[in-house]
Amino acid sequence: SRIMDQKTPPPPHEQLSKLQLMRTTLVNFIDWKNFPDVVTGCYVRVLLEMRSEGQRENMADNYYVACVKGARKGPSYGGFSCDGATTEWHILIELPPCFRMTANGNVVQLNSISNTAFRAQEYQSWVSMCRESGTAFPSLPQLEFRCKLLEEHKMQAMTPAIRKRRNGEDPQIQEQREQRQAALREEVTQEVQHTHAFWPKVERLRTLELNELQDVERKCLDLIGDIRKALNDKSIVYCAANV
């Protein structure tokens with residue numbers, strides 16, 4: 001660990017959060033040839049276990065803020081993405097001494113990295129552990145420079161040319177993966193429309209044509225009929241139970 005420079009204060013929570021890599025962002029980067037360079041110096045919210053067995057008897061594993069020190073290839077694994085993707089990349093993180101290292105050192109899989117933003121308590125714990133272990137805080141100019149690089153990488157990752165195919169992926173497997181993604185998007189869209197967009201808003205009603213308004217009216221009347229039938233059934237049951 002680097003010896004902490006007492007003149008460098010901890011970066012604000014909001015500033016550190018700009019350098020957080022979500023699991024989905026890492027998935028977008030895993031096919032890049034310079035993947036280790038892209039992720040090094042960023043931060044992740046990662047599920048870790050404490051080293052002390054006595055402590056673990058009374059507490060569950062928790063998420064912590066950790067700096068990414070690089071990435072290296074190892075045994076292939078999956079389970080980190082809904083499209084069934086696999087990867088050989090394992091993430092190297094910087095851990096204070098109070099944490100248990102894995103058999104391979106400070107190495108975690110993508111499965112252990114969260115898609116949730118750093119919480120205030122987790123940030124405060126990171127600050128405290130850095131101070132206790134003598135780990136240096138990055139300066140604001142360093143963070144700002146790294147943030148600019150990360151934003152550029154995110155923009156590149158969102159271009160269709162990069163996202164189209166994974167390195168070395170069989171065309172048939174690619175087609176199956178894209179079909180699963182399309183089916184999942186359609187399923188989510190249908191669910192959202194069914195649960196949240198059943199009735200148009202008043203503003204939209206004013207823009208509908210006459211036949212469209214009549215269709216909405218028919219749906220309303222059908223729903224009212226169903227409600228009345230349900231109320232009638234409930235009333236019959238209630239009256240029978242109180243006779």
# chains A, B, ... in the order shown; residues from 1 in each chain; ligands from 1

$ residues_around --residues "region 176-180 of chain A" --least-positions-apart "3" --cutoff "8 Å" --atoms "only C-alpha atoms" --output "compact mmCIF listing (two decimals) with N, CA, C and O atoms, in the first residue's frame"
# COMPACT_ATOMS: atom_id res chain seq x y z
N ASP A 83 -27.72 -12.39 -20.68
CA ASP A 83 -27.61 -13.00 -22.02
C ASP A 83 -26.78 -14.27 -22.02
O ASP A 83 -26.47 -14.81 -23.08
N GLY A 84 -26.39 -14.77 -20.84
CA GLY A 84 -25.65 -16.02 -20.76
C GLY A 84 -24.19 -15.91 -21.15
O GLY A 84 -23.54 -16.93 -21.43
N GLN A 172 -23.47 -18.25 -34.81
CA GLN A 172 -24.72 -18.86 -34.39
C GLN A 172 -25.02 -18.54 -32.93
O GLN A 172 -26.16 -18.24 -32.57
N ILE A 173 -23.98 -18.60 -32.09
CA ILE A 173 -24.16 -18.26 -30.67
C ILE A 173 -24.52 -16.78 -30.53
O ILE A 173 -25.37 -16.40 -29.72
N ALA A 183 -36.00 -10.92 -27.08
CA ALA A 183 -37.17 -11.49 -26.41
C ALA A 183 -37.33 -10.91 -25.01
O ALA A 183 -38.44 -10.61 -24.57
N LEU A 184 -36.21 -10.72 -24.31
CA LEU A 184 -36.25 -10.16 -22.97
C LEU A 184 -36.72 -8.71 -23.01
O LEU A 184 -37.55 -8.29 -22.18

$ residues_around --residues "region 7-21 of chain A" --least-positions-apart "2" --cutoff "7 Å" --atoms "only C-alpha atoms" --output "count of residues only"
14

$ closest_atom_pairs --of "region 68-138 of chain A" --to "region 34-39 of chain A" --cutoff "8 Å" --atoms "only C-alpha atoms" --output "CSV"
residue,atom,partner,partner_atom,distance
A:Val68,CA,A:Val39,CA,6.6
A:Lys69,CA,A:Val39,CA,8.0
A:Gly70,CA,A:Pro36,CA,5.0
A:Ala71,CA,A:Pro36,CA,4.8
A:Arg72,CA,A:Pro36,CA,7.3

$ closest_residue --among "A:Ala136, A:Val27, A:Val216, A:Leu47" --to "Trp89 (chain A)" --atoms "only C-alpha atoms"
A:Val27
